[in-house]
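Reading through the structure tokens given below for one structure.
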Amino acid sequence: MTYVTEALLVLLALVALWTVQTTILRAAIGLALTSALVTALLFEMGARLAAVFELSVCAGLITVVFASTISMTRPIDDAEAARCRARRKRRFHPAFFLVALVGVGLWATGYALEVTAPAASAPLASAREVLWGARRLDLVGQLTVLFVGVFAVVVLFKERAEERAGEAGDRAGARTEEKAA
Amino acid sequence: MAAYLILVPLLAVVFLNLPHLRLGTRAALALAGGLCAVQALLAVSVPEARWNAAGPEALDPSRLLATSFQVDHLTRVMFLAIGLVGACSALVARSLREGREGSFVFANLLLLAVCGMNGIVVVRDLFGLYVFLEITAIASLVLIVVERRRAAFEGAFKYMVLSAVATSLLLVGLALLLIVAGGTSFEAAAAGLRSAAGSKLGLLAIALFLSGLAMKAGAAPFHGWVPDAYTSAPSAVSVLLAGIVTKTTGVYTLIRVVDSVLGYGEPVRRVLLAAGMLSVLVGAVSALGQRDLKRVLAYSSVSQIGYILLGLGAGPGLGVAAAIFHLFNHAVFKTLLFVNASAVERQAGTCDLYRLGGLSVRMPVTGTTSVIAMLSTAGLPPFAGFWSKLLVVIALWKTGHAPLAAVAVLASVVTLAYLLRVQRRVFFGPLAPEHAGVVETGAWGLAPAVLLAAVTVAVGLAVPWLFQTFLLPVGSIL
């Protein structure tokens, strides 16, 4: 294990923990960062196929999560923000222990299951070759997942956005009337 | 050529949503249903050699996808079932949703779901399988909530949670297989599992894969989402979900993965037989106590999936042929039952068995096609369901599972009991006064019912010919 790998592992754990303890919008960004770090880690460790899988799964997934998140968020006042922060702390502080527990579990299970290195596969020249050569169908499939996800978000949240716009219009109208009065 | 079945539905969605092209709801449904019908016709009429032949370089999309797809008998059966059920679902949507908001969206999502299911059927790589499963799952999820009813959100939520758990299990299983085999193609994974026979990691991967696929299939004990999703979804979506989506994402995938990757080892067969028996019994017994027509049909689906698992657990050859035959028959008669349920719900305004009765007087075509579907589901001759259940029982008997064969027969009697109860409560007996004004559903709703009833009867009558020419080759090609 090189220093780069170790550094990436530590960074990954920190970003993952931050992701589960922040606001929903930042969590979507955190998920993207976590995924990018996992991809880099897998490349660094020579598992290029797995790295491409991670990249392709999360590229589709994260965009959908992003779009959904942006559709669901609304501005909140300071008091509500403080309450949310407190709730998150209560919910996710055990995550630190969970991560440690999973790490120990995987370490122990690795020995119990006699895990060895993956069987040798044909050497692949580069990420580009894996992505565009060996896994092009998956890439097209993930683009389709992305398309379906965005379509779903548009369908499900369109009416909500319209309702919100209507409510905002009503509020603005009421304020104008108050001022006029 | 198979690559067209992935790309064409996708391009159709793009076409429907071109900014300056304002196609109406009817045109969108006609396009979606028409493409599904063409797919069903191609599945029947084009021989395998043509499917697998490379086309001219400029026109061959498999070059664009850098993959060559192999089409075999099972693939064609699934193309046919997907096309048939997709077309029927579009017809039901046309009859039910005329002028209603959401029909245009339904047509788009139907095409996306068909694209995903066709991908599942042709792909020969575990990761590719996962990708297309996701496409189908997202499209199905949105289809359930497309009308934004509160009950639909609950059904969709259950579907989403269990689907996400199933996907996670599949992904972890895939990761473990990657460790064992070093590749994700069916050949590489199968070779890796063979060379690592008895390895704990390999067994764990198999267990995770089987659990994930059983969840997708709605087999017991992972069937909790099935009744809620089928009942709460709009009728045309229930037809699609019950008719083909769970069959493709769960049952077909299970057959393909067991046959091409996991193999028919003793642990795999035991798990399949146990899950099959549990599904047959749980589904049949649960269906007995329901008072909602769609819920009875949903639990009946769980039971019929059990028969497919029993056939698969009986092993290659006759068992697999029986499983695939019952998969196709189940797709047809369950679609027919849901088409009729949607007609009853629309015309009578309820699916409550205790508020219905005597509708065959007012809806004779729906009543007659419903009898055909129910007798086929219960496994009575000469309908298609009888032959596939018979083959399952014979396969179990021949492989030394006589007690399981006996239970399968007894469960069929229970199936007959609850379906006769449904038939009596909905179509027979005196006509309830509040339904005196009910009339038969329109031509768009009757067309799929008559078509599917004809397929059920025709397949049942053609079994002696199908057995030698199609069924046994299907069992042995895998």
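The way I read the labels, and the way they are meant: chains A, B, ... in the order of the structure tokens, residue 1 as the first residue of every chain, and ligand 1 as the first ligand shown, with later ones counted on from there.
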
Any idea what's packed within 10 Å of Thr2 in chain A, counting only C-alpha atoms, ignoring anything in its chain fewer than 3 positions away? Could you give it as a list in words?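 Near neighbours after the sequence-gap exclusion: Thr5, Glu6, Ala7, Leu8, Glu44 and Met45 of chain A.
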
Saved selection, atoms kept: N, CA and C atoms, as an mmCIF file, in the first residue's frame:
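The resulting file, selection.cif, is reproduced below:
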```cif
data_model
loop_
_atom_site.group_PDB
_atom_site.id
_atom_site.type_symbol
_atom_site.label_atom_id
_atom_site.label_comp_id
_atom_site.auth_asym_id
_atom_site.auth_seq_id
_atom_site.Cartn_x
_atom_site.Cartn_y
_atom_site.Cartn_z
ATOM 1 N N THR A 5 -2.209 5.784 -1.674
ATOM 2 C CA THR A 5 -3.378 4.962 -1.362
ATOM 3 C C THR A 5 -3.870 5.244 0.058
ATOM 4 N N GLU A 6 -2.912 5.295 0.989
ATOM 5 C CA GLU A 6 -3.295 5.553 2.381
ATOM 6 C C GLU A 6 -3.954 6.924 2.518
ATOM 7 N N ALA A 7 -3.357 7.902 1.843
ATOM 8 C CA ALA A 7 -3.915 9.261 1.915
ATOM 9 C C ALA A 7 -5.332 9.287 1.334
ATOM 10 N N LEU A 8 -5.493 8.587 0.217
ATOM 11 C CA LEU A 8 -6.826 8.545 -0.407
ATOM 12 C C LEU A 8 -7.844 7.861 0.512
ATOM 13 N N GLU A 44 -5.796 3.664 -8.455
ATOM 14 C CA GLU A 44 -4.492 3.644 -7.803
ATOM 15 C C GLU A 44 -4.093 2.219 -7.423
ATOM 16 N N MET A 45 -5.110 1.421 -7.038
ATOM 17 C CA MET A 45 -4.826 0.048 -6.615
ATOM 18 C C MET A 45 -4.846 -0.932 -7.795
#
```

Compile the contact shell of range 138-142 of chain A as a PyMOL selection string: residues with an atom at most 7 Å away, counting only C-alpha atoms, same-chain residues fewer than 6 positions apart removed. (chain A and resi 56-57+60) or (chain B and resi 128+131-132)

Would you mind exporting N, CA and C atoms of the selected residues as a compact mmCIF listing (two decimals), in the first residue's frame?
```txt
# COMPACT_ATOMS: atom_id res chain seq x y z
N SER A 56 -19.00 4.89 -13.62
CA SER A 56 -20.19 4.90 -14.48
C SER A 56 -21.47 4.82 -13.65
N VAL A 57 -21.47 4.03 -12.56
CA VAL A 57 -22.67 3.94 -11.72
C VAL A 57 -22.94 5.30 -11.09
N GLY A 60 -24.15 8.42 -13.24
CA GLY A 60 -25.58 8.44 -13.48
C GLY A 60 -26.37 8.73 -12.22
N GLY B 128 -23.61 -5.22 -17.06
CA GLY B 128 -24.58 -4.71 -18.04
C GLY B 128 -26.00 -5.03 -17.59
N VAL B 131 -27.10 -2.56 -15.04
CA VAL B 131 -27.42 -1.25 -15.63
C VAL B 131 -28.84 -1.25 -16.20
N PHE B 132 -29.18 -2.30 -16.94
CA PHE B 132 -30.51 -2.33 -17.55
C PHE B 132 -31.61 -2.61 -16.51
```

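Here CA of Gly212 in chain B and CA of Leu170 in chain B stand 5.5 Å from one another.
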
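Distance check against Thr350 in chain B using only C-alpha atoms: of B:Val438, B:Ala81, B:Ile120, B:Leu288, the minimum falls on B:Val438.
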
Which is closest to Asn340 in chain B among B:Ala236, B:Leu404, B:Ala220, B:Met277, if we use only C-alpha atoms? B:Ala236
